[in-house]
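Participant: Next comes the structure file model_34.cif, holding mmCIF, C-alpha atoms.
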data_work
#
loop_
_atom_site.group_PDB
_atom_site.id
_atom_site.type_symbol
_atom_site.label_atom_id
_atom_site.label_comp_id
_atom_site.auth_asym_id
_atom_site.auth_seq_id
_atom_site.Cartn_x
_atom_site.Cartn_y
_atom_site.Cartn_z
ATOM 1 C CA MET A 1 -5.572 12.898 -1.169
ATOM 2 C CA ARG A 2 -4.698 12.319 -4.810
ATOM 3 C CA ILE A 3 -2.801 9.220 -5.976
ATOM 4 C CA ASP A 4 -1.432 9.076 -9.528
ATOM 5 C CA ILE A 5 -0.353 5.574 -10.572
ATOM 6 C CA ILE A 6 1.967 5.190 -13.558
ATOM 7 C CA THR A 7 1.822 1.741 -15.151
ATOM 8 C CA VAL A 8 2.134 -0.206 -18.383
ATOM 9 C CA LEU A 9 -0.884 -2.306 -17.350
ATOM 10 C CA PRO A 10 -3.652 0.016 -16.115
ATOM 11 C CA GLU A 11 -6.238 -2.719 -16.670
ATOM 12 C CA LEU A 12 -4.458 -4.873 -14.073
ATOM 13 C CA ILE A 13 -4.647 -2.339 -11.266
ATOM 14 C CA ARG A 14 -8.066 -0.763 -11.775
ATOM 15 C CA SER A 15 -10.201 -3.508 -10.222
ATOM 16 C CA PRO A 16 -9.133 -3.107 -6.549
ATOM 17 C CA PHE A 17 -10.337 0.500 -6.726
ATOM 18 C CA GLU A 18 -13.743 -0.440 -8.130
ATOM 19 C CA ALA A 19 -15.038 -2.282 -5.068
ATOM 20 C CA SER A 20 -15.343 -2.194 -1.286
ATOM 21 C CA ILE A 21 -13.624 0.406 0.889
ATOM 22 C CA LEU A 22 -11.464 1.907 -1.864
ATOM 23 C CA LYS A 23 -14.448 2.562 -4.129
ATOM 24 C CA ARG A 24 -16.392 4.063 -1.229
ATOM 25 C CA ALA A 25 -13.512 6.410 -0.450
ATOM 26 C CA ILE A 26 -13.377 7.539 -4.078
ATOM 27 C CA ASP A 27 -17.160 7.936 -4.347
ATOM 28 C CA LYS A 28 -17.206 10.035 -1.166
ATOM 29 C CA GLY A 29 -14.560 12.336 -2.608
ATOM 30 C CA LEU A 30 -12.055 11.511 0.122
ATOM 31 C CA VAL A 31 -9.432 10.357 -2.380
ATOM 32 C CA GLU A 32 -8.756 10.633 -6.101
ATOM 33 C CA VAL A 33 -6.962 7.809 -7.895
ATOM 34 C CA HIS A 34 -5.778 8.320 -11.474
ATOM 35 C CA PHE A 35 -4.102 5.785 -13.746
ATOM 36 C CA HIS A 36 -1.581 6.782 -16.387
ATOM 37 C CA ASN A 37 -0.605 4.380 -19.155
ATOM 38 C CA LEU A 38 3.128 4.823 -19.664
ATOM 39 C CA ARG A 39 2.785 3.795 -23.309
ATOM 40 C CA ASP A 40 0.856 7.017 -23.942
ATOM 41 C CA TYR A 41 4.126 8.853 -23.291
ATOM 42 C CA SER A 42 6.272 6.768 -25.634
ATOM 43 C CA THR A 43 7.576 8.435 -28.794
ATOM 44 C CA ASN A 44 8.303 5.023 -30.314
ATOM 45 C CA LYS A 45 5.893 4.104 -33.121
ATOM 46 C CA HIS A 46 5.394 0.711 -31.470
ATOM 47 C CA LYS A 47 4.744 2.391 -28.083
ATOM 48 C CA ASN A 48 7.646 0.509 -26.504
ATOM 49 C CA VAL A 49 8.691 1.664 -23.036
ATOM 50 C CA ASP A 50 11.638 -0.696 -22.526
ATOM 51 C CA ASP A 51 15.006 -1.479 -24.074
ATOM 52 C CA TYR A 52 18.024 -3.755 -23.709
ATOM 53 C CA GLN A 53 20.511 -3.314 -20.882
ATOM 54 C CA PHE A 54 23.808 -1.589 -21.517
ATOM 55 C CA GLY A 55 26.554 -4.106 -20.858
ATOM 56 C CA GLY A 56 24.342 -7.053 -21.768
ATOM 57 C CA GLY A 57 22.401 -9.339 -19.503
ATOM 58 C CA ALA A 58 18.995 -10.977 -19.320
ATOM 59 C CA GLY A 59 15.851 -8.870 -19.012
ATOM 60 C CA MET A 60 14.625 -5.588 -20.457
ATOM 61 C CA VAL A 61 14.788 -2.220 -18.694
ATOM 62 C CA MET A 62 12.104 0.474 -18.531
ATOM 63 C CA SER A 63 13.320 3.529 -20.438
ATOM 64 C CA ILE A 64 13.793 6.929 -18.865
ATOM 65 C CA GLU A 65 12.142 9.076 -21.583
ATOM 66 C CA PRO A 66 8.457 8.103 -21.178
ATOM 67 C CA ILE A 67 8.767 8.060 -17.385
ATOM 68 C CA ASP A 68 10.290 11.545 -17.440
ATOM 69 C CA ALA A 69 7.530 12.766 -19.760
ATOM 70 C CA CYS A 70 4.749 11.399 -17.554
ATOM 71 C CA ILE A 71 6.158 12.558 -14.215
ATOM 72 C CA SER A 72 7.068 15.982 -15.616
ATOM 73 C CA LYS A 73 3.542 16.473 -16.973
ATOM 74 C CA LEU A 74 1.999 15.587 -13.610
ATOM 75 C CA LYS A 75 4.412 17.764 -11.646
ATOM 76 C CA GLY A 76 3.642 20.634 -14.002
ATOM 77 C CA GLU A 77 -0.002 20.451 -12.871
ATOM 78 C CA ARG A 78 0.441 20.231 -9.085
ATOM 79 C CA ASP A 79 2.971 19.712 -6.317
ATOM 80 C CA TYR A 80 3.637 16.189 -5.057
ATOM 81 C CA ASP A 81 4.722 15.167 -1.587
ATOM 82 C CA GLU A 82 6.312 11.911 -2.772
ATOM 83 C CA VAL A 83 7.192 10.193 -6.048
ATOM 84 C CA ILE A 84 7.235 6.519 -5.101
ATOM 85 C CA TYR A 85 8.790 3.611 -6.951
ATOM 86 C CA MET A 86 7.607 0.096 -6.151
ATOM 87 C CA THR A 87 10.681 -2.143 -6.068
ATOM 88 C CA PRO A 88 11.787 -5.276 -4.172
ATOM 89 C CA ASP A 89 14.875 -3.473 -2.847
ATOM 90 C CA GLY A 90 12.931 -0.530 -1.418
ATOM 91 C CA GLU A 91 12.088 0.180 2.205
ATOM 92 C CA THR A 92 9.679 -2.454 3.484
ATOM 93 C CA LEU A 93 6.140 -1.179 3.941
ATOM 94 C CA ASN A 94 4.931 -1.180 7.532
ATOM 95 C CA GLN A 95 2.074 0.349 9.481
ATOM 96 C CA GLY A 96 4.093 3.339 10.626
ATOM 97 C CA MET A 97 4.946 4.207 7.041
ATOM 98 C CA ALA A 98 1.300 3.864 6.028
ATOM 99 C CA ASN A 99 0.260 6.126 8.917
ATOM 100 C CA ARG A 100 2.686 8.834 7.813
ATOM 101 C CA MET A 101 1.769 8.644 4.141
ATOM 102 C CA SER A 102 -1.959 8.864 4.909
ATOM 103 C CA LEU A 103 -1.298 12.485 5.917
ATOM 104 C CA LEU A 104 0.103 13.442 2.511
ATOM 105 C CA LYS A 105 -1.849 15.369 -0.109
ATOM 106 C CA ASN A 106 -0.541 14.210 -3.497
ATOM 107 C CA ILE A 107 1.621 11.209 -4.396
ATOM 108 C CA ILE A 108 2.803 9.494 -7.565
ATOM 109 C CA ILE A 109 3.388 5.736 -7.604
ATOM 110 C CA LEU A 110 5.515 4.303 -10.411
ATOM 111 C CA CYS A 111 4.989 0.596 -11.036
ATOM 112 C CA GLY A 112 8.137 -1.225 -12.084
ATOM 113 C CA HIS A 113 8.204 -3.902 -14.782
ATOM 114 C CA TYR A 114 10.644 -6.125 -16.631
ATOM 115 C CA LYS A 115 14.083 -5.969 -14.969
ATOM 116 C CA GLY A 116 13.302 -2.574 -13.471
ATOM 117 C CA VAL A 117 13.776 1.060 -14.443
ATOM 118 C CA ASP A 118 16.795 2.919 -15.760
ATOM 119 C CA GLN A 119 18.788 3.882 -12.653
ATOM 120 C CA ARG A 120 18.639 7.552 -13.649
ATOM 121 C CA VAL A 121 14.894 7.493 -12.948
ATOM 122 C CA ARG A 122 15.632 6.438 -9.376
ATOM 123 C CA ASP A 123 18.441 8.940 -9.035
ATOM 124 C CA HIS A 124 16.582 12.007 -10.306
ATOM 125 C CA PHE A 125 12.812 11.520 -10.054
ATOM 126 C CA ILE A 126 12.037 9.123 -7.214
ATOM 127 C CA THR A 127 11.788 10.409 -3.651
ATOM 128 C CA LYS A 128 10.764 7.171 -1.924
ATOM 129 C CA GLU A 129 11.229 3.471 -2.793
ATOM 130 C CA ILE A 130 8.881 0.903 -1.260
ATOM 131 C CA SER A 131 8.802 -2.898 -1.127
ATOM 132 C CA ILE A 132 5.914 -4.991 0.188
ATOM 133 C CA GLY A 133 8.181 -7.917 1.050
ATOM 134 C CA ASP A 134 11.225 -9.976 0.189
ATOM 135 C CA PHE A 135 9.889 -11.481 -3.018
ATOM 136 C CA VAL A 136 9.540 -10.466 -6.659
ATOM 137 C CA LEU A 137 6.284 -9.884 -8.538
ATOM 138 C CA SER A 138 5.899 -9.676 -12.303
ATOM 139 C CA GLY A 139 5.122 -5.969 -11.942
ATOM 140 C CA GLY A 140 4.553 -3.234 -9.411
ATOM 141 C CA GLU A 141 0.799 -2.929 -9.955
ATOM 142 C CA LEU A 142 -0.330 -5.300 -7.214
ATOM 143 C CA ALA A 143 2.210 -3.798 -4.819
ATOM 144 C CA ALA A 144 0.933 -0.297 -5.662
ATOM 145 C CA ALA A 145 -2.610 -1.440 -4.892
ATOM 146 C CA VAL A 146 -1.443 -2.792 -1.526
ATOM 147 C CA VAL A 147 0.253 0.490 -0.646
ATOM 148 C CA SER A 148 -2.782 2.498 -1.752
ATOM 149 C CA ASP A 149 -5.156 0.338 0.297
ATOM 150 C CA ALA A 150 -2.946 0.634 3.391
ATOM 151 C CA ILE A 151 -2.943 4.429 3.058
ATOM 152 C CA ILE A 152 -6.527 5.119 1.988
ATOM 153 C CA ARG A 153 -8.193 3.138 4.773
ATOM 154 C CA LEU A 154 -6.503 5.454 7.302
ATOM 155 C CA ILE A 155 -7.965 8.646 5.850
ATOM 156 C CA PRO A 156 -10.645 10.035 8.191
ATOM 157 C CA GLY A 157 -14.122 9.178 6.966
ATOM 158 C CA VAL A 158 -13.118 6.147 4.893
ATOM 159 C CA LEU A 159 -13.915 3.508 7.515
ATOM 160 C CA SER A 160 -17.388 3.450 9.028
ATOM 161 C CA ASN A 161 -15.809 3.327 12.497
ATOM 162 C CA GLU A 162 -12.779 5.587 12.461
ATOM 163 C CA THR A 163 -11.338 4.055 15.638
ATOM 164 C CA SER A 164 -11.172 0.642 13.958
ATOM 165 C CA ALA A 165 -7.880 1.379 12.197
ATOM 166 C CA LEU A 166 -6.319 2.465 15.487
ATOM 167 C CA THR A 167 -6.740 -1.046 16.919
ATOM 168 C CA ASP A 168 -5.357 -2.924 13.914
ATOM 169 C CA SER A 169 -2.293 -5.121 14.073
ATOM 170 C CA PHE A 170 1.027 -3.247 14.069
ATOM 171 C CA GLN A 171 -0.398 -0.085 15.597
ATOM 172 C CA ASP A 172 1.820 0.422 18.664
ATOM 173 C CA ASN A 173 4.012 -2.442 17.339
ATOM 174 C CA LEU A 174 1.580 -5.095 18.568
ATOM 175 C CA LEU A 175 -0.526 -7.716 16.844
ATOM 176 C CA SER A 176 -4.269 -7.592 17.424
ATOM 177 C CA PRO A 177 -5.739 -9.693 20.268
ATOM 178 C CA PRO A 178 -8.218 -12.519 19.555
ATOM 179 C CA ILE A 179 -11.694 -11.341 18.533
ATOM 180 C CA TYR A 180 -15.084 -13.062 18.828
ATOM 181 C CA THR A 181 -18.677 -12.578 17.729
ATOM 182 C CA ARG A 182 -22.016 -14.382 18.231
ATOM 183 C CA PRO A 183 -22.895 -17.049 19.148
ATOM 184 C CA ALA A 184 -21.322 -16.936 22.611
ATOM 185 C CA GLU A 185 -20.978 -20.732 22.512
ATOM 186 C CA TYR A 186 -20.558 -22.928 19.465
ATOM 187 C CA LYS A 187 -19.984 -26.695 19.583
ATOM 188 C CA GLY A 188 -18.916 -26.261 23.202
ATOM 189 C CA TRP A 189 -16.345 -23.580 22.289
ATOM 190 C CA LYS A 190 -17.014 -20.547 24.484
ATOM 191 C CA VAL A 191 -16.128 -16.900 24.215
ATOM 192 C CA PRO A 192 -13.888 -15.811 27.144
ATOM 193 C CA ASP A 193 -15.999 -14.772 30.113
ATOM 194 C CA VAL A 194 -14.309 -11.388 30.448
ATOM 195 C CA LEU A 195 -15.669 -10.310 27.047
ATOM 196 C CA MET A 196 -19.192 -11.096 28.238
ATOM 197 C CA SER A 197 -18.781 -9.262 31.553
ATOM 198 C CA GLY A 198 -19.568 -5.746 30.363
ATOM 199 C CA HIS A 199 -16.678 -4.458 32.490
ATOM 200 C CA ALA A 200 -14.902 -2.087 30.115
ATOM 201 C CA ALA A 201 -11.669 -1.751 32.114
ATOM 202 C CA ASN A 202 -11.273 -5.514 32.501
ATOM 203 C CA ILE A 203 -11.994 -6.069 28.822
ATOM 204 C CA GLU A 204 -9.414 -3.480 27.815
ATOM 205 C CA LYS A 205 -6.825 -5.018 30.143
ATOM 206 C CA TRP A 206 -7.544 -8.485 28.727
ATOM 207 C CA ARG A 207 -7.133 -7.205 25.180
ATOM 208 C CA GLU A 208 -3.844 -5.517 26.027
ATOM 209 C CA ASP A 209 -2.525 -8.689 27.683
ATOM 210 C CA MET A 210 -3.643 -10.895 24.797
ATOM 211 C CA ALA A 211 -2.129 -8.534 22.214
ATOM 212 C CA LEU A 212 1.197 -8.657 24.062
ATOM 213 C CA GLU A 213 1.084 -12.446 24.380
ATOM 214 C CA HIS A 214 0.089 -12.892 20.744
ATOM 215 C CA THR A 215 2.919 -10.618 19.618
ATOM 216 C CA ARG A 216 5.450 -12.331 21.877
ATOM 217 C CA ASN A 217 4.495 -15.747 20.461
ATOM 218 C CA ARG A 218 4.267 -14.843 16.769
ATOM 219 C CA ARG A 219 6.325 -11.706 16.173
ATOM 220 C CA PRO A 220 8.794 -11.218 19.038
ATOM 221 C CA ASP A 221 10.860 -8.987 16.748
ATOM 222 C CA LEU A 222 8.195 -6.304 17.095
ATOM 223 C CA LEU A 223 8.926 -6.059 20.817
ATOM 224 C CA GLU A 224 12.652 -5.492 20.413
#
What would you get if you wrote out this structure as structure tokens?
Facilitator:
Amino acid sequence: MRIDIITVLPELIRSPFEASILKRAIDKGLVEVHFHNLRDYSTNKHKNVDDYQFGGGAGMVMSIEPIDACISKLKGERDYDEVIYMTPDGETLNQGMANRMSLLKNIIILCGHYKGVDQRVRDHFITKEISIGDFVLSGGELAAAVVSDAIIRLIPGVLSNETSALTDSFQDNLLSPPIYTRPAEYKGWKVPDVLMSGHAANIEKWREDMALEHTRNRRPDLLE
């Protein structure tokens, strides 16, 4: 998979990809992540990529010209499955969406800033709009990193145990069951006996029951 991230602050988004699972995925050649500074595509002598709103109003708007130039250059080099715009009014990211996008080959992620982008960018270049929640960030960089992490960790070979991602919360619309590790008893607090039994079928049944109970108590909407 190749992910091209368009941003006005490449220094803000680089660090998540320089450590842990994301770095390992890149080092293993399982994913390529490239950062494109939108200011490099500005024809303004001051390298501005924003302007005032038509009709007045508070907040600047990202201009269409440098975005067009950057996306057009990338699309001239390869085909893209999705051109994504990170925006609070996009479709909310969930595990199902991450699962589907992990199967794609090439994607572009445009990070919003200021008041947002010229609507014509959304009308003519963007194929998918994604939000990570009902709140507003100062830019789309952190949201783009979240989306990238959610996708990359699902690519075969990224996680040491490939079945781990299949038992995460929100797979099958359930939250994960409680999990325990050594010691078996700590300050009188014991691990459930069933997990110590070695009986695989009973353990699996317990985990299924606990996942359902946990989901019912905390996220009943997932069961609807």
Participant: Need to verify the contact set: Asn37 (chain A), 12 Å, all atoms listed in the file, exclusion of same-chain residues closer than 3 positions in sequence. Can you return it as a list in words?
Facilitator: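 Surrounding residues, per the criterion: Asp4, Ile5, Ile6, Thr7, Val8, Leu9, Pro10, Glu11, Leu12, Ile13, Arg14, His34, Asp40, Tyr41, Ser42, Lys47, Asn48, Val49, Pro66, Ile67, Ala69, Cys70, Ile71, Leu110, Cys111 and Glu141 of chain A.
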Participant: Can you spell out as a list in words the set of residues that the PyMOL selection byres ((chain A and resi 204-220) around 8) selects in the structure I just provided?
Facilitator: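 Expected selection for the PyMOL selection byres ((chain A and resi 204-220) around 8) here is Leu174, Leu175, Ser176, Pro177, Pro178, Val194, Ala200, Ala201, Asn202, Ile203, Asp221, Leu222, Leu223 and Glu224 of chain A.
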Participant: Report, in Å to a single decimal, how far apart CA of Leu154 (chain A) and CA of Ile179 (chain A) are.
Facilitator: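 That distance, rounded to one decimal, is 20.9 Å.
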Participant: Evaluate the PyMOL selection byres ((chain A and resi 54-65) around 8) here and jot the selected residues down as a JSON list (two decimals) with C-alpha atoms, keeping the file's coordinate frame.
Facilitator:
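As a result, out11.json now contains:
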[["chain", "number", "residue", "atom", "x", "y", "z"],
["A", 42, "SER", "CA", 6.27, 6.77, -25.63],
["A", 49, "VAL", "CA", 8.69, 1.66, -23.04],
["A", 50, "ASP", "CA", 11.64, -0.70, -22.53],
["A", 51, "ASP", "CA", 15.01, -1.48, -24.07],
["A", 52, "TYR", "CA", 18.02, -3.76, -23.71],
["A", 53, "GLN", "CA", 20.51, -3.31, -20.88],
["A", 66, "PRO", "CA", 8.46, 8.10, -21.18],
["A", 67, "ILE", "CA", 8.77, 8.06, -17.39],
["A", 68, "ASP", "CA", 10.29, 11.54, -17.44],
["A", 69, "ALA", "CA", 7.53, 12.77, -19.76],
["A", 112, "GLY", "CA", 8.14, -1.23, -12.08],
["A", 113, "HIS", "CA", 8.20, -3.90, -14.78],
["A", 114, "TYR", "CA", 10.64, -6.12, -16.63],
["A", 115, "LYS", "CA", 14.08, -5.97, -14.97],
["A", 116, "GLY", "CA", 13.30, -2.57, -13.47],
["A", 117, "VAL", "CA", 13.78, 1.06, -14.44],
["A", 118, "ASP", "CA", 16.80, 2.92, -15.76],
["A", 120, "ARG", "CA", 18.64, 7.55, -13.65],
["A", 121, "VAL", "CA", 14.89, 7.49, -12.95]]
Participant: With 5 Å of padding per side, what axis-aligned box (centre and edge lengths, Å, one decimal) covers all the listed atoms of region 36-47 of chain A? Give it as JSON.
Facilitator:
{"center_x": 3.4, "center_y": 4.8, "center_z": -24.8, "size_x": 19.9, "size_y": 18.1, "size_z": 26.7}
